[in-house]
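Content type compact mmCIF, C-alpha atoms, from the file query-v3.txt:
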# COMPACT_ATOMS: atom_id res chain seq x y z
CA MET A 16 30.45 -124.05 -127.50
CA GLN A 17 27.01 -125.37 -128.37
CA LEU A 18 27.17 -128.40 -130.63
CA PHE A 19 24.32 -130.22 -132.35
CA GLY A 20 24.44 -133.78 -133.60
CA LEU A 21 22.11 -134.95 -136.35
CA ALA A 22 21.70 -138.71 -136.53
CA ASP A 23 20.24 -139.79 -139.86
CA CYS A 24 19.44 -143.42 -140.63
CA ASN A 25 20.87 -144.34 -144.04
CA ASN A 26 18.20 -145.30 -146.61
CA PHE A 27 16.02 -146.15 -143.65
CA PHE A 28 13.19 -148.20 -145.18
CA CYS A 29 15.65 -150.24 -147.26
CA SER A 30 17.94 -150.69 -144.25
CA CYS A 31 14.99 -151.95 -142.20
CA GLU A 32 14.30 -154.59 -144.81
CA ARG A 33 17.97 -155.58 -144.88
CA VAL A 34 18.03 -156.16 -141.12
CA PHE A 35 16.04 -159.35 -141.69
CA HIS A 36 17.52 -160.10 -145.12
CA PRO A 37 21.30 -159.86 -144.66
CA GLU A 38 21.85 -161.49 -148.03
CA LEU A 39 20.66 -158.20 -149.57
CA ARG A 40 23.42 -156.11 -147.96
CA ASN A 41 25.11 -155.28 -151.30
CA VAL A 42 22.09 -155.90 -153.51
CA PRO A 43 19.94 -153.05 -154.92
CA VAL A 44 16.74 -152.66 -152.90
CA VAL A 45 13.63 -150.52 -153.34
CA VAL A 46 10.53 -150.03 -151.20
CA LEU A 47 7.20 -149.19 -152.78
CA SER A 48 4.36 -146.91 -151.74
CA ASN A 49 0.91 -148.04 -150.66
CA ASN A 50 -0.65 -150.40 -153.15
CA ASP A 51 2.84 -150.90 -154.64
CA GLY A 52 2.40 -147.91 -156.88
CA CYS A 53 5.71 -146.00 -156.81
CA VAL A 54 9.27 -146.22 -155.53
CA ILE A 55 9.54 -144.36 -152.21
CA ALA A 56 12.89 -145.64 -150.93
CA ARG A 57 16.10 -146.78 -152.63
CA SER A 58 19.37 -148.29 -151.53
CA GLU A 59 22.59 -146.73 -152.81
CA GLU A 60 22.90 -149.56 -155.35
CA SER A 61 19.42 -148.76 -156.68
CA LYS A 62 20.28 -145.08 -156.99
CA ARG A 63 23.31 -145.94 -159.10
CA LEU A 64 21.05 -147.91 -161.45
CA GLY A 65 19.13 -144.71 -162.14
CA LEU A 66 15.99 -145.50 -160.16
CA LYS A 67 14.36 -142.31 -158.88
CA MET A 68 11.99 -141.40 -156.07
CA GLY A 69 8.42 -141.54 -157.32
CA ASP A 70 9.13 -143.79 -160.30
CA PRO A 71 5.92 -145.77 -161.04
CA LEU A 72 6.61 -149.47 -160.72
CA PHE A 73 5.19 -150.33 -164.12
CA GLN A 74 7.62 -147.90 -165.80
CA VAL A 75 10.76 -149.33 -164.20
CA ARG A 76 9.78 -152.99 -163.95
CA ASP A 77 12.09 -154.02 -166.80
CA LEU A 78 15.05 -152.19 -165.20
CA ILE A 79 14.30 -153.81 -161.84
CA GLU A 80 14.05 -157.32 -163.29
CA ALA A 81 17.14 -156.93 -165.45
CA ASN A 82 19.25 -155.92 -162.45
CA GLN A 83 17.65 -158.30 -159.95
CA VAL A 84 16.55 -155.47 -157.68
CA ALA A 85 14.92 -156.67 -154.45
CA VAL A 86 11.46 -155.11 -154.17
CA PHE A 87 9.44 -154.66 -150.97
CA SER A 88 6.03 -153.25 -150.16
CA SER A 89 5.87 -150.68 -147.37
CA ASN A 90 5.94 -152.24 -143.92
CA HIS A 91 5.36 -149.25 -141.68
CA THR A 92 4.82 -151.34 -138.58
CA LEU A 93 8.33 -152.69 -138.97
CA TYR A 94 9.82 -149.30 -139.73
CA GLY A 95 8.12 -147.74 -136.71
CA SER A 96 9.37 -150.51 -134.44
CA LEU A 97 12.98 -150.20 -135.61
CA SER A 98 12.78 -146.42 -135.37
CA ASN A 99 11.77 -146.82 -131.72
CA ARG A 100 14.84 -148.95 -131.07
CA VAL A 101 17.20 -146.53 -132.79
CA MET A 102 15.81 -143.53 -130.89
CA SER A 103 15.97 -145.37 -127.57
CA LEU A 104 19.67 -146.11 -128.15
CA LEU A 105 20.45 -142.54 -129.23
CA ALA A 106 18.77 -141.20 -126.07
CA ARG A 107 21.47 -142.90 -123.98
CA TYR A 108 24.16 -140.67 -125.44
CA THR A 109 22.71 -137.22 -124.81
CA PRO A 110 20.81 -135.34 -122.09
CA ASP A 111 18.50 -133.93 -124.78
CA LEU A 112 17.23 -135.92 -127.76
CA THR A 113 14.72 -134.38 -130.18
CA GLN A 114 13.26 -136.73 -132.76
CA TYR A 115 12.80 -134.85 -136.01
CA SER A 116 11.31 -137.61 -138.14
CA ILE A 117 10.98 -141.38 -138.15
CA ASP A 118 14.66 -141.71 -139.14
CA GLU A 119 16.30 -138.50 -137.89
CA ALA A 120 17.01 -137.00 -134.49
CA PHE A 121 18.95 -134.11 -133.01
CA LEU A 122 21.29 -134.72 -130.09
CA ASP A 123 22.60 -131.99 -127.81
CA LEU A 124 26.32 -132.78 -127.55
CA SER A 125 27.40 -129.55 -125.86
CA GLY A 126 29.96 -129.90 -123.09
CA LEU A 127 30.65 -133.58 -123.70
CA GLY A 128 34.38 -133.16 -124.35
CA ASP A 129 36.89 -131.67 -126.76
CA ALA A 130 36.83 -132.19 -130.52
CA GLU A 131 38.96 -135.33 -130.50
CA HIS A 132 36.86 -136.96 -127.78
CA LEU A 133 33.59 -135.92 -129.41
CA LYS A 134 34.59 -137.35 -132.80
CA ALA A 135 35.38 -140.69 -131.15
CA TYR A 136 32.14 -140.41 -129.19
CA GLY A 137 30.18 -139.93 -132.42
CA GLU A 138 31.87 -142.92 -134.04
CA ARG A 139 30.96 -145.00 -131.01
CA ILE A 140 27.31 -143.92 -131.28
CA ALA A 141 27.14 -144.89 -134.97
CA ALA A 142 28.86 -148.24 -134.33
CA HIS A 143 26.61 -149.07 -131.36
CA VAL A 144 23.37 -148.28 -133.19
CA ARG A 145 24.42 -150.36 -136.19
CA LYS A 146 25.52 -153.30 -134.05
CA ALA A 147 22.42 -153.23 -131.85
CA THR A 148 19.78 -152.64 -134.52
CA GLY A 149 21.37 -153.42 -137.87
CA ILE A 150 20.52 -149.90 -139.06
CA PRO A 151 23.48 -147.83 -140.34
CA ILE A 152 23.38 -144.19 -139.30
CA SER A 153 25.32 -141.07 -140.26
CA LEU A 154 26.04 -138.59 -137.50
CA GLY A 155 26.89 -134.98 -138.30
CA ILE A 156 28.18 -132.71 -135.53
CA ALA A 157 28.35 -128.92 -135.90
CA GLU A 158 27.53 -125.56 -134.30
CA THR A 159 24.17 -125.27 -136.11
CA LYS A 160 21.47 -127.69 -137.20
CA THR A 161 21.94 -126.84 -140.88
CA LEU A 162 25.69 -127.49 -140.68
CA ALA A 163 25.01 -130.71 -138.75
CA LYS A 164 22.89 -131.85 -141.70
CA VAL A 165 25.71 -130.98 -144.08
CA ALA A 166 28.10 -132.99 -141.92
CA SER A 167 25.75 -135.98 -141.81
CA LYS A 168 25.66 -136.07 -145.61
CA TYR A 169 29.47 -136.20 -145.72
CA ALA A 170 29.42 -138.96 -143.10
CA LYS A 171 27.00 -140.91 -145.29
CA LYS A 172 28.97 -140.35 -148.50
CA TYR A 173 32.49 -141.13 -147.29
CA PRO A 174 33.11 -144.38 -145.32
CA GLY A 175 36.40 -142.92 -144.04
CA TYR A 176 34.46 -140.85 -141.52
CA ARG A 177 33.36 -144.09 -139.83
CA GLY A 178 29.81 -142.86 -139.51
CA CYS A 179 30.59 -139.45 -137.97
CA CYS A 180 31.67 -136.17 -139.55
CA MET A 181 32.39 -133.14 -137.39
CA ILE A 182 32.42 -129.49 -138.50
CA ASP A 183 33.65 -127.53 -135.49
CA THR A 184 36.06 -124.94 -136.91
CA ALA A 185 35.87 -122.18 -139.52
CA GLU A 186 38.43 -124.03 -141.65
CA LYS A 187 36.39 -127.24 -141.67
CA ARG A 188 33.21 -125.28 -142.39
CA GLU A 189 34.70 -123.52 -145.40
CA LYS A 190 36.08 -126.78 -146.80
CA ALA A 191 32.76 -128.58 -146.33
CA LEU A 192 30.67 -125.84 -147.97
CA VAL A 193 32.91 -125.53 -151.03
CA GLY A 194 32.08 -129.09 -152.03
CA PHE A 195 28.39 -128.96 -151.13
CA ASP A 196 25.79 -128.31 -153.83
CA ILE A 197 23.46 -125.45 -152.91
CA LYS A 198 20.37 -127.48 -153.85
CA ASP A 199 21.18 -129.99 -151.09
CA VAL A 200 21.12 -127.38 -148.30
CA TRP A 201 18.16 -127.46 -145.95
CA GLY A 202 15.66 -124.77 -146.85
CA ILE A 203 16.73 -124.50 -150.48
CA GLY A 204 13.70 -125.66 -152.42
CA ARG A 205 13.30 -125.92 -156.16
CA GLN A 206 12.22 -122.32 -156.73
CA LEU A 207 14.86 -120.87 -154.42
CA HIS A 208 17.51 -123.01 -156.11
CA LYS A 209 16.59 -121.45 -159.45
CA ALA A 210 16.84 -117.97 -157.97
CA LEU A 211 20.24 -118.63 -156.40
CA THR A 212 21.75 -120.14 -159.55
CA TYR A 213 20.53 -117.06 -161.42
CA TYR A 214 22.88 -115.05 -159.19
CA GLY A 215 25.73 -117.48 -159.84
CA ILE A 216 25.39 -119.35 -156.54
CA ASN A 217 26.07 -123.04 -157.12
CA THR A 218 27.60 -124.21 -153.84
CA ALA A 219 26.85 -123.66 -150.18
CA ALA A 220 30.13 -121.72 -149.98
CA ASP A 221 28.97 -119.32 -152.72
CA PHE A 222 25.90 -118.54 -150.64
CA ALA A 223 27.65 -118.35 -147.27
CA ASN A 224 30.24 -115.92 -148.66
CA LYS A 225 27.60 -113.41 -149.72
CA LYS A 226 27.19 -110.35 -147.53
CA GLU A 227 24.30 -110.33 -145.08
CA SER A 228 22.98 -107.08 -146.56
CA TRP A 229 22.80 -108.74 -149.99
CA VAL A 230 20.84 -111.69 -148.64
CA ARG A 231 18.47 -109.38 -146.74
CA GLY A 232 17.85 -107.35 -149.88
CA LYS A 233 17.13 -110.31 -152.14
CA PHE A 234 15.33 -112.84 -149.94
CA ASN A 235 13.05 -113.29 -146.92
CA VAL A 236 13.94 -113.93 -143.28
CA VAL A 237 13.82 -117.73 -143.68
CA VAL A 238 16.56 -117.65 -146.31
CA LEU A 239 18.53 -115.25 -144.11
CA GLN A 240 18.33 -117.78 -141.28
CA THR A 241 19.75 -120.46 -143.55
CA TRP A 242 22.59 -118.10 -144.50
CA LYS A 243 23.35 -117.45 -140.82
CA GLU A 244 23.30 -121.16 -140.02
CA LEU A 245 25.80 -121.85 -142.81
CA ASN A 246 28.03 -119.21 -141.25
CA GLY A 247 27.93 -120.89 -137.85
CA ILE A 248 25.18 -118.78 -136.22
CA SER A 249 22.50 -121.03 -134.69
CA CYS A 250 19.05 -119.48 -135.16
CA ILE A 251 16.66 -122.21 -136.35
CA SER A 252 14.54 -124.22 -133.94
CA VAL A 253 13.39 -127.75 -134.71
CA GLU A 254 9.85 -126.47 -135.40
CA GLU A 255 11.24 -124.17 -138.14
CA LEU A 256 13.29 -126.79 -139.94
CA PRO A 257 12.26 -127.12 -143.60
CA GLU A 258 11.17 -130.16 -145.59
CA LYS A 259 9.80 -132.09 -142.66
CA LYS A 260 9.14 -135.76 -143.11
CA SER A 261 6.97 -135.71 -140.01
CA ILE A 262 5.16 -133.37 -137.63
CA CYS A 263 5.93 -133.36 -133.92
CA THR A 264 4.47 -131.59 -130.89
CA SER A 265 6.00 -132.22 -127.48
CA ARG A 266 6.48 -130.57 -124.09
CA SER A 267 8.42 -130.93 -120.87
CA PHE A 268 6.30 -130.82 -117.73
CA ALA A 269 6.85 -128.64 -114.67
CA GLU A 270 7.73 -129.71 -111.13
CA GLN A 271 8.02 -133.47 -110.57
CA GLY A 272 6.23 -134.49 -113.77
CA ILE A 273 2.94 -136.31 -114.37
CA THR A 274 1.90 -139.52 -112.62
CA ASP A 275 -1.85 -139.39 -113.34
CA LEU A 276 -3.05 -141.03 -116.55
CA SER A 277 -5.96 -138.62 -116.99
CA VAL A 278 -3.59 -135.63 -116.90
CA LEU A 279 -1.18 -137.21 -119.36
CA GLU A 280 -4.15 -138.07 -121.59
CA GLU A 281 -5.09 -134.39 -121.74
CA ALA A 282 -1.53 -133.48 -122.68
CA VAL A 283 -1.23 -136.13 -125.40
CA ALA A 284 -4.68 -135.26 -126.76
CA ASN A 285 -3.64 -131.61 -127.11
CA PHE A 286 -0.35 -132.56 -128.75
CA ALA A 287 -2.21 -134.78 -131.21
CA ALA A 288 -4.73 -132.01 -131.94
CA SER A 289 -1.91 -129.54 -132.58
CA CYS A 290 -0.20 -131.95 -134.99
CA SER A 291 -3.53 -132.53 -136.76
CA GLU A 292 -4.03 -128.78 -137.26
CA LYS A 293 -0.56 -128.46 -138.80
CA LEU A 294 -1.33 -131.43 -141.01
CA ARG A 295 -4.50 -129.80 -142.32
CA ARG A 296 -2.78 -126.45 -142.87
CA GLN A 297 -0.38 -128.07 -145.30
CA LYS A 298 -3.23 -130.09 -146.87
CA SER A 299 -1.75 -133.44 -145.87
CA CYS A 300 -2.78 -136.70 -144.24
CA CYS A 301 -0.76 -139.09 -142.11
CA ARG A 302 -0.77 -142.84 -141.71
CA GLY A 303 1.77 -143.31 -138.92
CA ILE A 304 1.51 -142.05 -135.33
CA THR A 305 4.22 -142.29 -132.66
CA ILE A 306 3.64 -141.52 -128.97
CA PHE A 307 6.48 -140.97 -126.52
CA ALA A 308 6.72 -140.14 -122.83
CA TYR A 309 9.86 -140.15 -120.69
CA THR A 310 10.67 -139.91 -117.03
CA SER A 311 13.55 -137.64 -116.01
CA ARG A 312 16.96 -138.96 -117.06
CA PHE A 313 18.67 -136.87 -114.42
CA ARG A 314 16.89 -138.02 -111.25
CA MET A 315 18.40 -141.13 -109.77
CA ASP A 316 15.97 -141.25 -106.83
CA VAL A 317 12.93 -142.21 -108.91
CA PRO A 318 12.24 -145.20 -111.20
CA HIS A 319 12.80 -144.63 -114.91
CA HIS A 320 10.46 -145.54 -117.73
CA ALA A 321 10.02 -144.64 -121.39
CA ILE A 322 7.01 -145.03 -123.65
CA HIS A 323 7.87 -144.96 -127.35
CA GLN A 324 5.33 -146.76 -129.50
CA SER A 325 3.97 -146.38 -133.02
CA MET A 326 0.68 -147.19 -134.68
CA VAL A 327 -0.19 -147.44 -138.36
CA LEU A 328 -3.68 -146.41 -139.46
CA HIS A 329 -5.59 -148.38 -142.05
CA ILE A 330 -6.32 -145.23 -144.08
CA PRO A 331 -4.36 -141.92 -143.94
CA THR A 332 -6.25 -139.19 -142.08
CA GLN A 333 -6.11 -135.56 -140.99
CA SER A 334 -9.01 -135.75 -138.53
CA SER A 335 -8.22 -134.53 -135.03
CA ALA A 336 -10.71 -136.95 -133.48
CA GLU A 337 -9.25 -139.94 -135.30
CA ILE A 338 -5.64 -139.03 -134.57
CA ILE A 339 -6.37 -138.21 -130.91
CA GLY A 340 -8.19 -141.52 -130.53
CA ALA A 341 -5.27 -143.47 -131.96
CA ALA A 342 -2.74 -141.58 -129.82
CA LEU A 343 -4.69 -142.24 -126.62
CA HIS A 344 -5.08 -145.91 -127.48
CA VAL A 345 -1.30 -146.25 -127.68
CA LEU A 346 -0.78 -144.25 -124.49
CA ARG A 347 -3.29 -146.24 -122.44
CA SER A 348 -1.76 -149.50 -123.59
CA ASN A 349 1.67 -148.52 -122.25
CA PHE A 350 1.00 -146.27 -119.26
CA ARG A 351 1.94 -147.42 -115.74
CA GLN A 352 -0.44 -145.76 -113.27
CA GLY A 353 1.13 -144.13 -110.21
CA ILE A 354 4.56 -145.74 -110.61
CA TYR A 355 6.39 -143.28 -112.83
CA ALA A 356 6.50 -139.49 -113.11
CA TYR A 357 6.70 -138.52 -116.78
CA LYS A 358 8.66 -135.32 -117.42
CA LYS A 359 8.24 -135.08 -121.20
CA ALA A 360 5.75 -136.37 -123.74
CA GLY A 361 4.90 -135.82 -127.37
CA VAL A 362 3.19 -136.99 -130.54
CA ILE A 363 4.81 -137.52 -133.95
CA LEU A 364 2.85 -137.91 -137.18
CA TRP A 365 4.69 -139.59 -140.05
CA ASP A 366 4.15 -141.33 -143.37
CA ILE A 367 2.69 -138.02 -144.53
CA SER A 368 1.14 -137.64 -147.97
CA SER A 369 -0.98 -135.12 -149.83
CA GLN A 370 -4.69 -135.21 -149.03
CA ARG A 371 -5.28 -135.55 -152.77
CA GLN A 372 -3.33 -138.83 -152.95
CA VAL A 373 -5.15 -140.84 -150.28
CA GLN A 374 -6.16 -144.32 -151.39
CA GLN A 375 -9.73 -144.94 -150.23
CA ASP A 376 -11.17 -148.25 -148.99
CA LEU A 377 -14.49 -149.55 -150.24
CA PHE A 378 -15.30 -150.91 -146.78
CA ASP A 379 -14.19 -147.86 -144.80
CA PRO A 380 -16.84 -147.27 -142.08
CA VAL A 381 -15.95 -143.56 -141.84
CA ASP A 382 -17.64 -141.01 -144.09
CA ARG A 383 -14.49 -139.16 -145.14
CA THR A 384 -16.40 -136.40 -146.92
CA LYS A 385 -18.41 -135.49 -143.81
CA GLN A 386 -15.28 -135.80 -141.68
CA SER A 387 -13.44 -133.34 -143.92
CA VAL A 388 -16.32 -130.85 -143.86
CA LEU A 389 -16.46 -131.05 -140.06
CA MET A 390 -12.72 -130.40 -139.70
CA LYS A 391 -12.92 -127.40 -142.03
CA ALA A 392 -15.82 -125.95 -140.02
CA ILE A 393 -13.99 -126.43 -136.70
CA ASP A 394 -10.79 -124.87 -138.08
CA ALA A 395 -12.73 -121.88 -139.39
CA ILE A 396 -14.46 -121.30 -136.03
CA ASN A 397 -11.21 -121.64 -134.09
CA GLN A 398 -9.39 -119.31 -136.48
CA LYS A 399 -12.06 -116.66 -135.99
CA ASN A 400 -12.70 -117.03 -132.28
CA GLY A 401 -9.42 -118.29 -130.86
CA ARG A 402 -7.45 -121.53 -130.75
CA ASN A 403 -9.22 -124.54 -129.21
CA LYS A 404 -12.57 -122.79 -128.80
CA ILE A 405 -13.94 -126.03 -130.20
CA ARG A 406 -12.02 -129.14 -129.22
CA VAL A 407 -12.37 -132.79 -128.35
CA ALA A 408 -13.56 -133.18 -124.74
CA VAL A 409 -10.53 -135.20 -123.64
CA GLN A 410 -8.30 -132.19 -124.44
CA GLY A 411 -9.59 -130.48 -121.28
CA THR A 412 -8.26 -126.97 -120.72
CA ASP A 413 -4.48 -127.71 -120.64
CA VAL A 414 -4.32 -126.14 -117.16
CA ARG A 415 -3.31 -129.38 -115.47
CA PHE A 416 -0.22 -129.92 -117.60
CA GLY A 417 0.64 -126.34 -118.62
CA LEU A 418 4.09 -124.85 -118.48
CA LYS A 419 5.35 -123.27 -115.31
CA ARG A 420 5.37 -119.52 -116.09
CA GLU A 421 5.79 -117.56 -112.89
CA TYR A 422 7.18 -114.45 -114.61
CA LEU A 423 4.75 -114.34 -117.55
CA SER A 424 3.87 -110.83 -118.69
CA LYS A 425 0.34 -109.94 -119.72
CA GLN A 426 -1.04 -110.71 -123.16
CA TYR A 427 -1.47 -107.12 -124.12
CA THR A 428 -2.37 -107.61 -127.79
CA THR A 429 -4.27 -110.90 -127.77
CA ASN A 430 -6.27 -110.99 -124.56
CA ILE A 431 -8.96 -108.33 -124.13
CA ASN A 432 -8.57 -108.56 -120.35
CA ASP A 433 -4.93 -107.51 -120.63
CA ILE A 434 -5.42 -104.44 -122.83
CA ILE A 435 -3.69 -101.36 -121.39
CA VAL A 436 -6.20 -99.04 -119.78
CA ALA A 437 -5.58 -95.30 -120.07
CA LYS A 438 -7.03 -93.11 -117.34
CA ALA A 439 -7.71 -89.40 -117.84
CA GLU A 440 -6.96 -87.27 -114.82

Encoding of this model in structure tokens:
Amino acid sequence: MQLFGLADCNNFFCSCERVFHPELRNVPVVVLSNNDGCVIARSEESKRLGLKMGDPLFQVRDLIEANQVAVFSSNHTLYGSLSNRVMSLLARYTPDLTQYSIDEAFLDLSGLGDAEHLKAYGERIAAHVRKATGIPISLGIAETKTLAKVASKYAKKYPGYRGCCMIDTAEKREKALVGFDIKDVWGIGRQLHKALTYYGINTAADFANKKESWVRGKFNVVVLQTWKELNGISCISVEELPEKKSICTSRSFAEQGITDLSVLEEAVANFAASCSEKLRRQKSCCRGITIFAYTSRFRMDVPHHAIHQSMVLHIPTQSSAEIIGAALHVLRSNFRQGIYAYKKAGVILWDISSQRQVQQDLFDPVDRTKQSVLMKAIDAINQKNGRNKIRVAVQGTDVRFGLKREYLSKQYTTNINDIIVAKAE
């Protein structure tokens, strides 16, 4: 049976601050946005005080002072560094780790033992990460990614789970969904929540118990996928997961992997460009960039190495050139020429915010208006004429690091050279 694990760092930014301030372990803590404008992270103690995400500091200052809440400005360099440590530890426990955001990752736990062994295994993962990094995590294990997220929330809420909750049977699934508010399910946004409550659906169980034909008739295919996932049918890839806190593009390389820096540069540049395009499509900017590259974990006859480094930009951006430049700077600083063969690499953009909420800098040397106009023009040309018709030179042609596709059929509907030709006899 295929089983997914979702490791979620508890109140990550606040937990990062507590690593170096152990005296704050049971004290309410909040972390503020850039320029200390709003609350963007809260400890459980702060939540119980009534502090909410997005609360402007000036509006809640009296509440904070009255309850001696510890306040921190955002320290993204610290958060990125601790995230790297957590992910490196998690990678030891699975043959396939997929980082979903700065504080979440999916682990493939299929075939690692029976339910009893896997529950103990999950508890050991949570205990090891906390002991080694100081960051508490909640691990949810289930047949689908959506159920794994449900399980992780139970693991976070109830200390009796010892950091790991497992939903591996129909009985456990039904029990978990009955007590789970529908608004907390992945993919259930504010508007969809209103629609579901209109039909009397208040819990995840209410939704899961509906007939498939009813869901198909009322909602789109994305909602149907969520319904299937709640019923134990895995059908959502990581790229389709809703409410992303970050954007990631990655790829495994064919054959022995990549040993040449110039080839890996092309790959990382293309991954960064792809992330940048997604960022612009959702009208967002990012401030944090993480680069990773791994050698094969399964080959014992070659040396192993992992690159997993983050960089924080001075000003949030959505420019492909700027993001590619930052990504390559990190890669070049950590690459080991000719020694290691990298089998997988990727780029993660995080600390994402709306393009309308970017705080400008009076001394910024970049003309952001011209940069934005240029990106819009390039996107328009590429949309009309084909992806990557205009690109940064270092992106190359992606031939040198492309997927191995020996049995690829023709591109009948998208490539004019592959259009079916009809011959009249």

Contact check, region 63-170 of chain A to region 186-200 of chain A, at most 9 Å, counting only C-alpha atoms, closest pairs as CSV:
residue,atom,partner,partner_atom,distance
A:Ala157,CA,A:Arg188,CA,8.9
A:Thr161,CA,A:Val200,CA,7.5
A:Leu162,CA,A:Arg188,CA,8.0
A:Lys164,CA,A:Val200,CA,8.2
A:Val165,CA,A:Val200,CA,7.2
A:Ala166,CA,A:Ala191,CA,7.8
A:Tyr169,CA,A:Ala191,CA,8.3

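Across the structure, CA of Asp394 (chain A) and CA of Val283 (chain A) are spaced 19.5 Å apart.
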
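Excluding Phe234 (chain A) itself and same-chain residues fewer than 5 positions from it, the residues having an atom within 10 Å of it are A:Leu207, A:Ala210, A:Leu211, A:Trp229, A:Leu239, counting all atoms listed in the file.
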
Open item on the list: Within 10 Å of (-4.0, -137.0, -143.4) (file coordinates; only C-alpha atoms), which protein or nucleic acid residues are there? I'd like them as an MDAnalysis selection string.
Closed with: chainID A and resid 291 294:295 297:303 330:335 338 364:373

Could you take the residues named above and write them with C-alpha atoms, as a PDB file, in the frame of the given file?
ATOM      1  CA  SER A 291      -3.530-132.530-136.760  1.00  0.00           C
ATOM      2  CA  LEU A 294      -1.330-131.430-141.010  1.00  0.00           C
ATOM      3  CA  ARG A 295      -4.500-129.800-142.320  1.00  0.00           C
ATOM      4  CA  GLN A 297      -0.380-128.070-145.300  1.00  0.00           C
ATOM      5  CA  LYS A 298      -3.230-130.090-146.870  1.00  0.00           C
ATOM      6  CA  SER A 299      -1.750-133.440-145.870  1.00  0.00           C
ATOM      7  CA  CYS A 300      -2.780-136.700-144.240  1.00  0.00           C
ATOM      8  CA  CYS A 301      -0.760-139.090-142.110  1.00  0.00           C
ATOM      9  CA  ARG A 302      -0.770-142.840-141.710  1.00  0.00           C
ATOM     10  CA  GLY A 303       1.770-143.310-138.920  1.00  0.00           C
ATOM     11  CA  ILE A 330      -6.320-145.230-144.080  1.00  0.00           C
ATOM     12  CA  PRO A 331      -4.360-141.920-143.940  1.00  0.00           C
ATOM     13  CA  THR A 332      -6.250-139.190-142.080  1.00  0.00           C
ATOM     14  CA  GLN A 333      -6.110-135.560-140.990  1.00  0.00           C
ATOM     15  CA  SER A 334      -9.010-135.750-138.530  1.00  0.00           C
ATOM     16  CA  SER A 335      -8.220-134.530-135.030  1.00  0.00           C
ATOM     17  CA  ILE A 338      -5.640-139.030-134.570  1.00  0.00           C
ATOM     18  CA  LEU A 364       2.850-137.910-137.180  1.00  0.00           C
ATOM     19  CA  TRP A 365       4.690-139.590-140.050  1.00  0.00           C
ATOM     20  CA  ASP A 366       4.150-141.330-143.370  1.00  0.00           C
ATOM     21  CA  ILE A 367       2.690-138.020-144.530  1.00  0.00           C
ATOM     22  CA  SER A 368       1.140-137.640-147.970  1.00  0.00           C
ATOM     23  CA  SER A 369      -0.980-135.120-149.830  1.00  0.00           C
ATOM     24  CA  GLN A 370      -4.690-135.210-149.030  1.00  0.00           C
ATOM     25  CA  ARG A 371      -5.280-135.550-152.770  1.00  0.00           C
ATOM     26  CA  GLN A 372      -3.330-138.830-152.950  1.00  0.00           C
ATOM     27  CA  VAL A 373      -5.150-140.840-150.280  1.00  0.00           C
TER      28      VAL A 373
END

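Candidate residues A:Ile203, A:Gly401, A:Thr274, A:Arg383 were compared for distance to Thr218 (chain A), and the nearest is A:Ile203, using only C-alpha atoms.
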
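With distances taken over all atoms listed in the file, A:Ile152 is the one residue among A:Val436, A:Leu343, A:Val238, A:Ile152 lying closest to Ser98 (chain A).
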
Task: Which residue of A:Ser325, A:Thr412, A:Asn285, A:Asn217 approaches Arg266 (chain A) most closely, using all atoms listed in the file - done: A:Asn285

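Checking A:Gly175, A:Gly149, A:Gly353, A:Gly202 one by one against Arg40 (chain A), counting all atoms listed in the file, you find the shortest gap at A:Gly149.
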
Open item on the list: Which residues are near Gly155 (chain A)? Cut-off 9 Å, all atoms listed in the file, ignore same chain within fewer than 2 positions. Put them as a PyMOL selection string.
Closed with: chain A and resi 19-23+137+153+157+162-170+178-182

Can you spit out the residues from that selection as a CSV table (one decimal), in the frame of the given file, using C-alpha atoms?
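The result, written out as selection04.csv:
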chain,number,residue,atom,x,y,z
A,19,PHE,CA,24.3,-130.2,-132.4
A,20,GLY,CA,24.4,-133.8,-133.6
A,21,LEU,CA,22.1,-135.0,-136.4
A,22,ALA,CA,21.7,-138.7,-136.5
A,23,ASP,CA,20.2,-139.8,-139.9
A,137,GLY,CA,30.2,-139.9,-132.4
A,153,SER,CA,25.3,-141.1,-140.3
A,157,ALA,CA,28.4,-128.9,-135.9
A,162,LEU,CA,25.7,-127.5,-140.7
A,163,ALA,CA,25.0,-130.7,-138.8
A,164,LYS,CA,22.9,-131.8,-141.7
A,165,VAL,CA,25.7,-131.0,-144.1
A,166,ALA,CA,28.1,-133.0,-141.9
A,167,SER,CA,25.8,-136.0,-141.8
A,168,LYS,CA,25.7,-136.1,-145.6
A,169,TYR,CA,29.5,-136.2,-145.7
A,170,ALA,CA,29.4,-139.0,-143.1
A,178,GLY,CA,29.8,-142.9,-139.5
A,179,CYS,CA,30.6,-139.4,-138.0
A,180,CYS,CA,31.7,-136.2,-139.6
A,181,MET,CA,32.4,-133.1,-137.4
A,182,ILE,CA,32.4,-129.5,-138.5

TODO: Mind checking which residues fall within 12 Å of Ile322 (chain A), counting all atoms listed in the file, ignoring those fewer than 3 positions away in the same chain, and posting them as a PyMOL selection string?
DONE: chain A and resi 99-100+102-103+305-310+319+325+345-351+355-362

- [ ] Report the distance between CA of Ala223 (chain A) and CA of Asp123 (chain A) in Å, rounded to one decimal place.
- [x] 24.3 Å

First collect every listed atom of region 177-183 of chain A; then fit an axis-aligned box around them, widen it by 8 Å on each side, and give centre and edge lengths in Å to one decimal, as JSON.
{"center_x": 31.7, "center_y": -135.8, "center_z": -137.7, "size_x": 19.8, "size_y": 32.6, "size_z": 20.3}

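The coordinates place CA of Gly204 (chain A) at 26.7 Å from CA of Gln74 (chain A).
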
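Using only C-alpha atoms for every distance, the candidate list A:Lys160, A:Ser88, A:Arg139, A:Lys134 yields A:Lys160 as the residue closest to Phe121 (chain A).
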